[in-house]
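What follows is protein16.tsv (TSV, C-alpha atoms and all ligand atoms).
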```tsv
chain	number	residue	atom	x	y	z
H	1	MET	CA	0.00	0.00	0.00
H	2	PRO	CA	1.48	3.39	-0.94
H	3	GLU	CA	1.84	5.89	1.90
H	4	ILE	CA	1.74	9.65	2.22
H	5	ARG	CA	4.43	10.49	4.78
H	6	THR	CA	5.08	13.85	6.41
H	7	ASP	CA	8.46	15.14	7.50
H	8	PRO	CA	7.93	16.13	11.15
H	9	LEU	CA	10.05	19.30	10.95
H	10	THR	CA	9.58	20.72	7.47
H	11	GLY	CA	6.03	19.46	6.96
H	12	HIS	CA	6.93	18.32	3.42
H	13	ARG	CA	4.76	15.45	2.28
H	14	VAL	CA	5.99	12.62	0.08
H	15	LEU	CA	4.22	9.77	-1.70
H	16	ILE	CA	6.10	6.54	-0.94
H	17	SER	CA	5.09	4.26	-3.78
H	18	ALA	CA	7.18	1.14	-4.42
H	19	GLU	CA	5.01	0.00	-7.37
H	20	ARG	CA	6.25	2.95	-9.45
H	21	ALA	CA	9.78	1.51	-9.49
H	22	ASN	CA	8.63	-1.30	-11.81
H	23	ARG	CA	7.28	0.90	-14.58
H	24	PRO	CA	8.98	0.52	-17.96
H	25	MET	CA	10.79	3.45	-19.51
H	26	ALA	CA	10.32	3.88	-23.27
H	27	THR	CA	13.69	4.09	-24.98
H	28	ALA	CA	13.61	5.55	-28.49
H	29	ALA	CA	11.86	8.88	-28.88
H	30	SER	CA	11.32	8.78	-32.61
H	31	SER	CA	8.01	9.88	-34.04
H	32	CYS	CA	8.76	8.89	-37.64
H	33	ASP	CA	6.25	6.05	-37.36
H	34	THR	CA	2.71	6.59	-36.21
H	35	SER	CA	2.60	3.23	-34.47
H	36	ASP	CA	5.04	1.22	-32.41
H	37	ALA	CA	4.52	-2.48	-31.75
H	38	ALA	CA	6.19	-2.15	-28.33
H	39	CYS	CA	4.16	0.88	-27.20
H	40	PRO	CA	1.36	0.04	-24.73
H	41	PHE	CA	-0.54	3.22	-25.68
H	42	CYS	CA	-0.73	2.57	-29.44
H	43	GLU	CA	-3.97	1.50	-31.09
H	44	GLY	CA	-4.04	-2.29	-31.36
H	45	ASN	CA	-2.10	-2.76	-28.11
H	46	GLU	CA	-5.09	-2.21	-25.81
H	47	GLN	CA	-4.40	-5.50	-24.02
H	48	GLU	CA	-1.11	-4.02	-22.72
H	49	THR	CA	-2.94	-1.60	-20.39
H	50	PRO	CA	-5.53	-2.16	-17.66
H	51	GLY	CA	-9.12	-2.06	-18.99
H	52	GLU	CA	-10.47	1.35	-19.97
H	53	VAL	CA	-12.61	3.36	-17.55
H	54	PHE	CA	-13.58	6.02	-20.11
H	55	ALA	CA	-13.15	6.42	-23.86
H	56	ILE	CA	-14.22	8.59	-26.75
H	57	ARG	CA	-14.62	6.01	-29.52
H	58	ASN	CA	-16.44	5.28	-32.75
H	59	PRO	CA	-19.95	3.99	-31.94
H	60	GLU	CA	-19.40	0.68	-33.77
H	61	SER	CA	-16.18	-0.12	-31.89
H	62	THR	CA	-16.00	-2.16	-28.68
H	63	ILE	CA	-14.43	-1.50	-25.31
H	64	ASP	CA	-10.68	-2.25	-25.03
H	65	ARG	CA	-10.42	-2.73	-28.79
H	66	PRO	CA	-9.25	-0.36	-31.58
H	67	GLY	CA	-11.56	2.41	-32.81
H	68	TRP	CA	-10.98	5.01	-30.07
H	69	LYS	CA	-9.86	8.64	-30.11
H	70	VAL	CA	-9.05	9.11	-26.42
H	71	ARG	CA	-8.78	6.28	-23.91
H	72	VAL	CA	-8.52	6.56	-20.11
H	73	VAL	CA	-7.11	3.60	-18.18
H	74	PRO	CA	-5.99	3.14	-14.57
H	75	ASN	CA	-2.24	3.65	-14.23
H	76	LYS	CA	-0.57	0.23	-14.30
H	77	PHE	CA	2.00	1.49	-11.79
H	78	PRO	CA	-0.09	3.81	-9.61
H	79	ALA	CA	1.46	6.24	-7.15
H	80	VAL	CA	-1.64	5.77	-5.00
H	81	SER	CA	-3.97	2.86	-4.45
H	82	THR	CA	-7.47	3.26	-5.87
H	83	VAL	CA	-10.47	2.67	-3.67
H	84	HIS	CA	-13.83	4.41	-3.86
H	85	GLU	CA	-14.58	4.45	-0.16
H	86	LEU	CA	-12.16	6.34	1.98
H	87	LEU	CA	-12.08	5.86	5.71
H	88	ALA	CA	-11.78	8.89	7.97
H	89	LEU	CA	-8.21	10.11	8.15
H	90	ASP	CA	-6.39	11.31	11.20
H	91	LEU	CA	-4.54	14.30	9.78
H	92	THR	CA	-2.35	14.63	12.86
H	93	THR	CA	-0.57	11.42	11.93
H	94	LEU	CA	2.68	11.53	9.97
H	95	CYS	CA	1.66	8.65	7.73
H	96	LEU	CA	-1.57	8.41	5.74
H	97	PRO	CA	-2.64	5.55	3.50
H	98	GLY	CA	-1.81	6.53	-0.09
H	99	ILE	CA	-5.39	6.14	-1.26
H	100	GLY	CA	-6.55	7.89	-4.37
H	101	ALA	CA	-6.94	7.70	-8.12
H	102	HIS	CA	-4.20	7.47	-10.70
H	103	GLU	CA	-5.31	7.33	-14.32
H	104	VAL	CA	-3.61	7.68	-17.69
H	105	ILE	CA	-5.35	9.65	-20.44
H	106	ILE	CA	-4.05	8.24	-23.74
H	107	GLU	CA	-4.54	11.22	-26.03
H	108	THR	CA	-4.44	9.68	-29.49
H	109	PRO	CA	-4.29	6.22	-31.08
H	110	ARG	CA	-1.27	7.43	-33.10
H	111	HIS	CA	2.32	7.10	-31.84
H	112	VAL	CA	3.08	10.82	-31.56
H	113	ALA	CA	4.27	12.82	-28.57
H	114	GLY	CA	3.12	16.41	-28.28
H	115	TRP	CA	0.07	18.59	-28.80
H	116	THR	CA	1.69	20.18	-31.84
H	117	GLU	CA	1.22	16.78	-33.53
H	118	LEU	CA	-2.44	16.48	-32.53
H	119	SER	CA	-5.32	18.20	-34.33
H	120	VAL	CA	-7.36	20.81	-32.45
H	121	ALA	CA	-10.30	18.35	-32.46
H	122	GLU	CA	-8.07	15.72	-30.82
H	123	ILE	CA	-6.92	18.16	-28.13
H	124	ASP	CA	-10.55	19.09	-27.54
H	125	ASP	CA	-11.36	15.40	-26.97
H	126	VAL	CA	-8.49	15.20	-24.46
H	127	LEU	CA	-9.83	18.25	-22.59
H	128	SER	CA	-13.28	16.69	-22.62
H	129	ALA	CA	-11.82	13.48	-21.10
H	130	TYR	CA	-10.18	15.61	-18.35
H	131	GLN	CA	-13.58	17.10	-17.57
H	132	ALA	CA	-15.32	13.72	-17.50
H	133	ARG	CA	-12.77	12.16	-15.16
H	134	LEU	CA	-12.48	15.17	-12.83
H	135	GLU	CA	-16.26	15.30	-12.47
H	136	TYR	CA	-16.39	11.51	-12.01
H	137	TRP	CA	-13.97	11.54	-9.08
H	138	ARG	CA	-15.61	14.64	-7.61
H	139	ARG	CA	-18.98	12.86	-7.70
H	140	GLU	CA	-18.06	9.25	-6.97
H	141	SER	CA	-15.34	9.38	-4.32
H	142	ASN	CA	-14.41	10.89	-0.98
H	143	LEU	CA	-11.17	12.21	-2.42
H	144	LYS	CA	-10.39	15.87	-1.70
H	145	TYR	CA	-8.42	16.96	-4.74
H	146	ALA	CA	-7.36	15.86	-8.21
H	147	ILE	CA	-4.75	17.31	-10.48
H	148	VAL	CA	-4.41	16.66	-14.21
H	149	PHE	CA	-0.87	16.89	-15.49
H	150	LYS	CA	1.23	16.05	-18.50
H	151	ASN	CA	4.97	15.45	-18.75
H	152	LEU	CA	6.50	15.66	-22.21
H	153	GLY	CA	10.10	14.65	-22.83
H	154	TYR	CA	12.68	12.85	-20.76
H	155	GLU	CA	13.82	16.11	-19.08
H	156	ALA	CA	10.28	16.58	-17.77
H	157	GLY	CA	10.04	13.06	-16.31
H	158	ALA	CA	8.00	11.32	-19.02
H	159	SER	CA	8.48	7.55	-19.05
H	160	GLN	CA	6.45	6.92	-22.24
H	161	PHE	CA	6.88	8.73	-25.55
H	162	HIS	CA	3.26	8.28	-26.73
H	163	ALA	CA	1.10	11.38	-26.01
H	164	HIS	CA	-0.58	10.94	-22.65
H	165	SER	CA	-1.51	12.84	-19.54
H	166	GLN	CA	-2.40	11.70	-16.04
H	167	LEU	CA	-4.97	12.36	-13.36
H	168	LEU	CA	-3.96	11.92	-9.74
H	169	GLY	CA	-6.64	12.16	-7.07
H	170	LEU	CA	-5.63	12.53	-3.44
H	171	PRO	CA	-7.28	12.12	-0.03
H	172	ILE	CA	-5.94	15.53	1.02
H	173	VAL	CA	-5.53	18.96	-0.59
H	174	PRO	CA	-1.76	19.38	-1.14
H	175	GLU	CA	-0.18	22.12	1.01
H	176	GLN	CA	0.92	24.15	-2.00
H	177	VAL	CA	-2.63	24.20	-3.35
H	178	ALA	CA	-4.13	24.87	0.09
H	179	HIS	CA	-1.67	27.72	0.63
H	180	GLU	CA	-2.66	29.33	-2.68
H	181	HIS	CA	-6.34	28.98	-1.78
H	182	ARG	CA	-5.88	30.56	1.64
H	183	ALA	CA	-4.06	33.54	0.10
H	184	ALA	CA	-6.76	33.92	-2.59
H	185	GLU	CA	-9.54	33.69	-0.02
H	186	LYS	CA	-7.88	36.32	2.15
H	187	PHE	CA	-7.63	38.64	-0.87
H	188	TRP	CA	-11.31	38.05	-1.67
H	189	LYS	CA	-12.39	38.80	1.90
H	190	GLN	CA	-10.49	42.08	1.91
H	191	SER	CA	-11.35	43.34	-1.58
H	192	LYS	CA	-14.38	41.33	-2.79
H	193	ARG	CA	-12.40	40.72	-5.98
H	194	CYS	CA	-11.00	37.48	-7.41
H	195	PRO	CA	-7.19	37.77	-7.32
H	196	TYR	CA	-6.86	35.85	-10.61
H	197	CYS	CA	-9.33	38.17	-12.38
H	198	ASP	CA	-7.21	41.01	-10.98
H	199	GLN	CA	-4.05	39.39	-12.29
H	200	ILE	CA	-5.55	39.18	-15.80
H	201	ALA	CA	-6.51	42.89	-15.66
H	202	GLN	CA	-3.04	43.88	-14.45
H	203	GLU	CA	-1.20	41.82	-17.06
H	204	GLN	CA	-3.43	43.22	-19.80
H	205	ALA	CA	-2.80	46.76	-18.64
H	206	GLN	CA	0.95	46.26	-18.33
H	207	ARG	CA	1.27	44.05	-21.48
H	208	ASP	CA	4.96	43.14	-21.20
H	209	ARG	CA	4.37	39.58	-19.93
H	210	ILE	CA	1.45	38.73	-22.26
H	211	VAL	CA	2.19	35.81	-24.61
H	212	ALA	CA	-1.17	35.39	-26.38
H	213	GLU	CA	-4.78	36.52	-26.07
H	214	SER	CA	-8.10	35.45	-27.52
H	215	ASP	CA	-11.71	36.41	-26.87
H	216	GLU	CA	-11.93	33.76	-24.15
H	217	PHE	CA	-8.39	33.16	-22.84
H	218	VAL	CA	-5.21	34.94	-21.90
H	219	ALA	CA	-1.67	33.52	-21.56
H	220	PHE	CA	1.23	35.27	-19.86
H	221	CYS	CA	4.59	34.56	-18.24
H	222	PRO	CA	3.92	34.96	-14.48
H	223	PHE	CA	5.62	37.86	-12.67
H	224	ALA	CA	7.56	35.35	-10.52
H	225	SER	CA	8.02	32.63	-13.17
H	226	ARG	CA	9.73	29.68	-11.52
H	227	LEU	CA	11.63	28.65	-14.65
H	228	ALA	CA	12.29	30.20	-18.06
H	229	CYS	CA	9.26	30.54	-20.33
H	230	GLN	CA	6.69	29.44	-17.74
H	231	ILE	CA	3.22	30.21	-19.12
H	232	ARG	CA	-0.04	30.62	-17.18
H	233	VAL	CA	-3.34	30.29	-19.04
H	234	LEU	CA	-6.59	31.65	-17.58
H	235	PRO	CA	-10.13	32.02	-18.90
H	236	ARG	CA	-11.08	35.70	-19.11
H	237	GLN	CA	-14.46	34.98	-17.58
H	238	HIS	CA	-14.34	34.01	-13.91
H	239	ALA	CA	-14.81	30.22	-13.48
H	240	SER	CA	-13.58	28.01	-10.66
H	241	ARG	CA	-14.31	24.50	-12.03
H	242	PHE	CA	-12.68	23.31	-15.23
H	243	GLY	CA	-15.17	20.44	-15.39
H	244	LEU	CA	-18.00	22.90	-16.11
H	245	LEU	CA	-16.34	24.67	-19.05
H	246	PRO	CA	-18.89	24.49	-21.94
H	247	ALA	CA	-18.03	22.80	-25.25
H	248	GLN	CA	-17.58	25.96	-27.34
H	249	PRO	CA	-14.93	27.68	-25.17
H	250	ARG	CA	-13.30	24.27	-24.57
H	251	ARG	CA	-12.79	23.89	-28.31
H	252	ALA	CA	-11.35	27.43	-28.40
H	253	LEU	CA	-9.02	26.48	-25.53
H	254	ALA	CA	-7.77	23.46	-27.50
H	255	GLY	CA	-6.70	25.74	-30.37
H	256	PHE	CA	-5.29	28.34	-27.99
H	257	LEU	CA	-3.13	25.75	-26.17
H	258	GLN	CA	-1.89	24.23	-29.40
H	259	GLU	CA	-0.77	27.69	-30.55
H	260	LEU	CA	1.15	28.15	-27.28
H	261	PHE	CA	2.96	24.83	-27.72
H	262	ILE	CA	3.89	25.80	-31.30
H	263	ARG	CA	5.38	29.03	-29.92
H	264	LEU	CA	7.27	27.13	-27.21
H	265	GLU	CA	8.71	24.62	-29.66
H	266	ARG	CA	10.07	27.45	-31.80
H	267	VAL	CA	11.72	29.20	-28.84
H	268	LEU	CA	13.05	26.26	-26.83
H	269	VAL	CA	16.06	24.12	-27.64
H	270	ILE	CA	14.47	20.96	-26.21
H	271	PRO	CA	10.68	20.81	-26.27
H	272	ALA	CA	10.24	19.23	-22.83
H	273	TYR	CA	7.68	20.52	-20.38
H	274	ASN	CA	5.38	19.88	-17.46
H	275	PHE	CA	1.80	21.00	-17.83
H	276	TRP	CA	-0.83	20.97	-15.13
H	277	LEU	CA	-4.39	22.05	-14.58
H	278	GLN	CA	-5.51	23.53	-11.29
H	279	THR	CA	-9.20	23.36	-10.61
H	280	LEU	CA	-11.35	23.68	-7.50
H	281	PRO	CA	-10.85	21.11	-4.71
H	282	PHE	CA	-13.74	18.65	-4.40
H	283	SER	CA	-14.98	20.09	-1.10
H	284	SER	CA	-16.46	23.19	-2.81
H	285	LEU	CA	-18.96	23.49	-5.64
H	286	ASP	CA	-17.92	26.99	-6.66
H	287	ALA	CA	-15.69	29.79	-5.35
H	288	ASN	CA	-15.50	33.54	-5.89
H	289	HIS	CA	-11.85	33.62	-4.88
H	290	PHE	CA	-10.54	30.84	-7.14
H	291	HIS	CA	-10.18	30.78	-10.92
H	292	TRP	CA	-9.12	27.57	-12.71
H	293	HIS	CA	-5.86	27.86	-14.58
H	294	ILE	CA	-3.25	25.93	-16.53
H	295	GLU	CA	0.49	26.16	-15.97
H	296	ILE	CA	3.06	25.18	-18.59
H	297	LEU	CA	6.59	24.81	-17.26
H	298	PRO	CA	9.29	24.15	-19.88
H	299	ARG	CA	12.13	22.03	-18.54
H	300	GLN	CA	15.54	22.97	-19.89
H	301	SER	CA	17.54	21.81	-16.88
H	302	ASN	CA	17.20	19.52	-13.90
H	303	ILE	CA	16.26	20.62	-10.42
H	304	ALA	CA	19.61	20.66	-8.58
H	305	GLY	CA	21.07	21.12	-5.09
H	306	PHE	CA	20.20	24.77	-4.54
H	307	GLU	CA	16.57	24.17	-5.53
H	308	TRP	CA	16.23	21.07	-3.34
H	309	GLY	CA	17.95	22.76	-0.43
H	310	THR	CA	16.03	26.02	-0.45
H	311	GLY	CA	12.78	25.42	-2.32
H	312	TYR	CA	13.75	28.35	-4.60
H	313	THR	CA	14.36	28.00	-8.31
H	314	ILE	CA	16.75	30.03	-10.43
H	315	ASN	CA	15.19	31.48	-13.55
H	316	GLN	CA	17.81	32.81	-15.93
H	317	ILE	CA	15.36	34.42	-18.35
H	318	PRO	CA	13.23	37.28	-16.99
H	319	PRO	CA	9.53	36.63	-17.75
H	320	GLU	CA	9.26	39.99	-19.57
H	321	TYR	CA	11.96	38.88	-22.02
H	322	ALA	CA	10.56	35.32	-22.32
H	323	ALA	CA	7.08	36.71	-23.08
H	324	GLN	CA	8.47	39.03	-25.71
H	325	ARG	CA	10.19	36.13	-27.48
H	326	LEU	CA	7.15	33.88	-27.29
H	327	ARG	CA	4.81	36.67	-28.40
H	328	ASN	CA	6.88	37.66	-31.42
H	329	ILE	CA	7.09	34.17	-32.94
I	401	ZN	ZN	2.44	4.49	-29.11
I	402	ZN	ZN	-11.58	35.11	-11.26
```
The structure in this file should be written as structure tokens.
Ligand SMILES: [Zn+2]
Ligand SMILES: [Zn+2]
Amino acid sequence: MPEIRTDPLTGHRVLISAERANRPMATAASSCDTSDAACPFCEGNEQETPGEVFAIRNPESTIDRPGWKVRVVPNKFPAVSTVHELLALDLTTLCLPGIGAHEVIIETPRHVAGWTELSVAEIDDVLSAYQARLEYWRRESNLKYAIVFKNLGYEAGASQFHAHSQLLGLPIVPEQVAHEHRAAEKFWKQSKRCPYCDQIAQEQAQRDRIVAESDEFVAFCPFASRLACQIRVLPRQHASRFGLLPAQPRRALAGFLQELFIRLERVLVIPAYNFWLQTLPFSSLDANHFHWHIEILPRQSNIAGFEWGTGYTINQIPPEYAAQRLRNI
């Protein structure tokens, strides 16, 4: 059983998960072929993964067989153990059972890696799968939080080349997320304004960190970007739950994100990145102080001693300069 352990002095939490050690690492990262006999995520290799829990597929096709566009399966090497019923947790303890959800969203039947190789319709299907699974776990479990994330490239920690993202549901709200929520709530109580809506207004007024804008979305390099070319994407209209984003703006988001990844690939030497989606914890239905958002964090170098020892990162490219480069592509 995986465990969530807490360091008694620093309060840092860690998922101890021995099963993860057994996961295979894909070797070659060539996308010349659109299928790979050894890839568990390719169409035709459905038997190599656990059975699907959700899929967008052609109506005449059958479950766990070819004919799908997006397929969601439980992670074969989960960081947490999946159960639907969660017993009451004693949060004062330093060790919690690592209970949760860990799913893989296989984004295309083709053996390609990034969202620049997917069509906008395919990305829209992936976003729709995120919504379905987030709302499923919100509705059907006692979990407190779920994050959707995507690692692309070896430098970003990806173990499989084939385009995929993951959903990890947890029995607690991670401290970093809880900290952000407390700060946002405090801001709301003092000003009766959403701090993220404020951030959009400020970035639009100032303009030097804006990367791209559309009628519905805005993307900018955050003022305190943790690494070079970090991009934050927010909907212009206040919304706290990604799962409730209607189909039309979701389709627009798919195109907007693809454009951002095209810009990143032109600016970066190695197109490796972490991407994650922050939506409302499951304990609330809506919030005035919280605004769902996406973070894209390109990974040009590894986290090293200074970062581990202090919790700070060193960003060698000021966000104003990074935004200018990304904007002018
Ligand atoms: Zn594949
Ligand atoms: Zn807002």
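The gap separating CA of Glu107 in chain H from CA of Ala158 in chain H is 14.4 Å, in Å to one decimal.
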Within 12 Å of Gln230 in chain H, counting only C-alpha atoms, which residues qualify if same-chain residues fewer than 4 places away don't, as a PyMOL selection string? chain H and resi 209-211+219-226+260-261+264+268+272-276+294-300+315-323+326
Residue subset to file, keeping C-alpha atoms, as an mmCIF file, in the frame of the given file:
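Output file part00.cif is given in full below:
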```cif
data_model
loop_
_atom_site.group_PDB
_atom_site.id
_atom_site.type_symbol
_atom_site.label_atom_id
_atom_site.label_comp_id
_atom_site.auth_asym_id
_atom_site.auth_seq_id
_atom_site.Cartn_x
_atom_site.Cartn_y
_atom_site.Cartn_z
ATOM 1 C CA ARG H 209 4.370 39.580 -19.930
ATOM 2 C CA ILE H 210 1.450 38.730 -22.260
ATOM 3 C CA VAL H 211 2.190 35.810 -24.610
ATOM 4 C CA ALA H 219 -1.670 33.520 -21.560
ATOM 5 C CA PHE H 220 1.230 35.270 -19.860
ATOM 6 C CA CYS H 221 4.590 34.560 -18.240
ATOM 7 C CA PRO H 222 3.920 34.960 -14.480
ATOM 8 C CA PHE H 223 5.620 37.860 -12.670
ATOM 9 C CA ALA H 224 7.560 35.350 -10.520
ATOM 10 C CA SER H 225 8.020 32.630 -13.170
ATOM 11 C CA ARG H 226 9.730 29.680 -11.520
ATOM 12 C CA LEU H 260 1.150 28.150 -27.280
ATOM 13 C CA PHE H 261 2.960 24.830 -27.720
ATOM 14 C CA LEU H 264 7.270 27.130 -27.210
ATOM 15 C CA LEU H 268 13.050 26.260 -26.830
ATOM 16 C CA ALA H 272 10.240 19.230 -22.830
ATOM 17 C CA TYR H 273 7.680 20.520 -20.380
ATOM 18 C CA ASN H 274 5.380 19.880 -17.460
ATOM 19 C CA PHE H 275 1.800 21.000 -17.830
ATOM 20 C CA TRP H 276 -0.830 20.970 -15.130
ATOM 21 C CA ILE H 294 -3.250 25.930 -16.530
ATOM 22 C CA GLU H 295 0.490 26.160 -15.970
ATOM 23 C CA ILE H 296 3.060 25.180 -18.590
ATOM 24 C CA LEU H 297 6.590 24.810 -17.260
ATOM 25 C CA PRO H 298 9.290 24.150 -19.880
ATOM 26 C CA ARG H 299 12.130 22.030 -18.540
ATOM 27 C CA GLN H 300 15.540 22.970 -19.890
ATOM 28 C CA ASN H 315 15.190 31.480 -13.550
ATOM 29 C CA GLN H 316 17.810 32.810 -15.930
ATOM 30 C CA ILE H 317 15.360 34.420 -18.350
ATOM 31 C CA PRO H 318 13.230 37.280 -16.990
ATOM 32 C CA PRO H 319 9.530 36.630 -17.750
ATOM 33 C CA GLU H 320 9.260 39.990 -19.570
ATOM 34 C CA TYR H 321 11.960 38.880 -22.020
ATOM 35 C CA ALA H 322 10.560 35.320 -22.320
ATOM 36 C CA ALA H 323 7.080 36.710 -23.080
ATOM 37 C CA LEU H 326 7.150 33.880 -27.290
#
```
At most 6 Å is the cut-off: for each residue in chain H with any atom that close to an atom of ligand ZN 402 (chain I), write down the nearest atom pair and the distance in Å rounded to one decimal, counting all atoms listed in the file, chain first then increasing number, as a tab-separated table.
```
residue	atom	partner	partner_atom	distance
H:Cys194	CA	I:ZN402	ZN	4.6
H:Tyr196	CA	I:ZN402	ZN	4.8
H:Cys197	CA	I:ZN402	ZN	4.0
H:His238	CA	I:ZN402	ZN	4.0
H:His291	CA	I:ZN402	ZN	4.6
```
Let me see if you get this right: every residue at most 8 Å from ligand ZN 401 (chain I), counting only C-alpha atoms and all ligand atoms, written as a list of chain:residue names. H:Thr34, H:Ser35, H:Asp36, H:Ala37, H:Ala38, H:Cys39, H:Pro40, H:Phe41, H:Cys42, H:Glu43, H:Pro109, H:Arg110, H:His111, H:Val112, H:Phe161, H:His162, H:Ala163
Pull C-alpha atoms from the residues just selected and write them as a short mmCIF file (atom, residue, chain, number, x, y, z; two decimals), in the coordinates of the input.
```cif
data_model
loop_
_atom_site.label_atom_id
_atom_site.label_comp_id
_atom_site.auth_asym_id
_atom_site.auth_seq_id
_atom_site.Cartn_x
_atom_site.Cartn_y
_atom_site.Cartn_z
CA THR H 34 2.71 6.59 -36.21
CA SER H 35 2.60 3.23 -34.47
CA ASP H 36 5.04 1.22 -32.41
CA ALA H 37 4.52 -2.48 -31.75
CA ALA H 38 6.19 -2.15 -28.33
CA CYS H 39 4.16 0.88 -27.20
CA PRO H 40 1.36 0.04 -24.73
CA PHE H 41 -0.54 3.22 -25.68
CA CYS H 42 -0.73 2.57 -29.44
CA GLU H 43 -3.97 1.50 -31.09
CA PRO H 109 -4.29 6.22 -31.08
CA ARG H 110 -1.27 7.43 -33.10
CA HIS H 111 2.32 7.10 -31.84
CA VAL H 112 3.08 10.82 -31.56
CA PHE H 161 6.88 8.73 -25.55
CA HIS H 162 3.26 8.28 -26.73
CA ALA H 163 1.10 11.38 -26.01
#
```
When you draw a straight line from CA of Glu307 in chain H to CA of Gly11 in chain H, how long is it in Å?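 If I compute the distance from CA of Glu307 in chain H to CA of Gly11 in chain H, I get 17.0 Å.
Reported to one decimal place, the separation of CA of Ser81 in chain H from CA of Pro2 in chain H is 6.5 Å.
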Quick one: everything within 10 Å of range 122-131 of chain H, counting only C-alpha atoms, minus sequence neighbours fewer than 3 positions away in the same chain. Send it as a PyMOL selection string. chain H and resi 54-56+69-72+105-108+115-119+134-136+147-149+164-167+241-255+257-258+277
For each of H:Glu185, H:Glu213, H:Asp198, H:Glu175, take the minimum atom-to-atom distance to Phe290 in chain H, counting only C-alpha atoms, then give the residue where this is smallest.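 The shortest atom-to-atom distance to Phe290 in chain H comes from H:Glu185.
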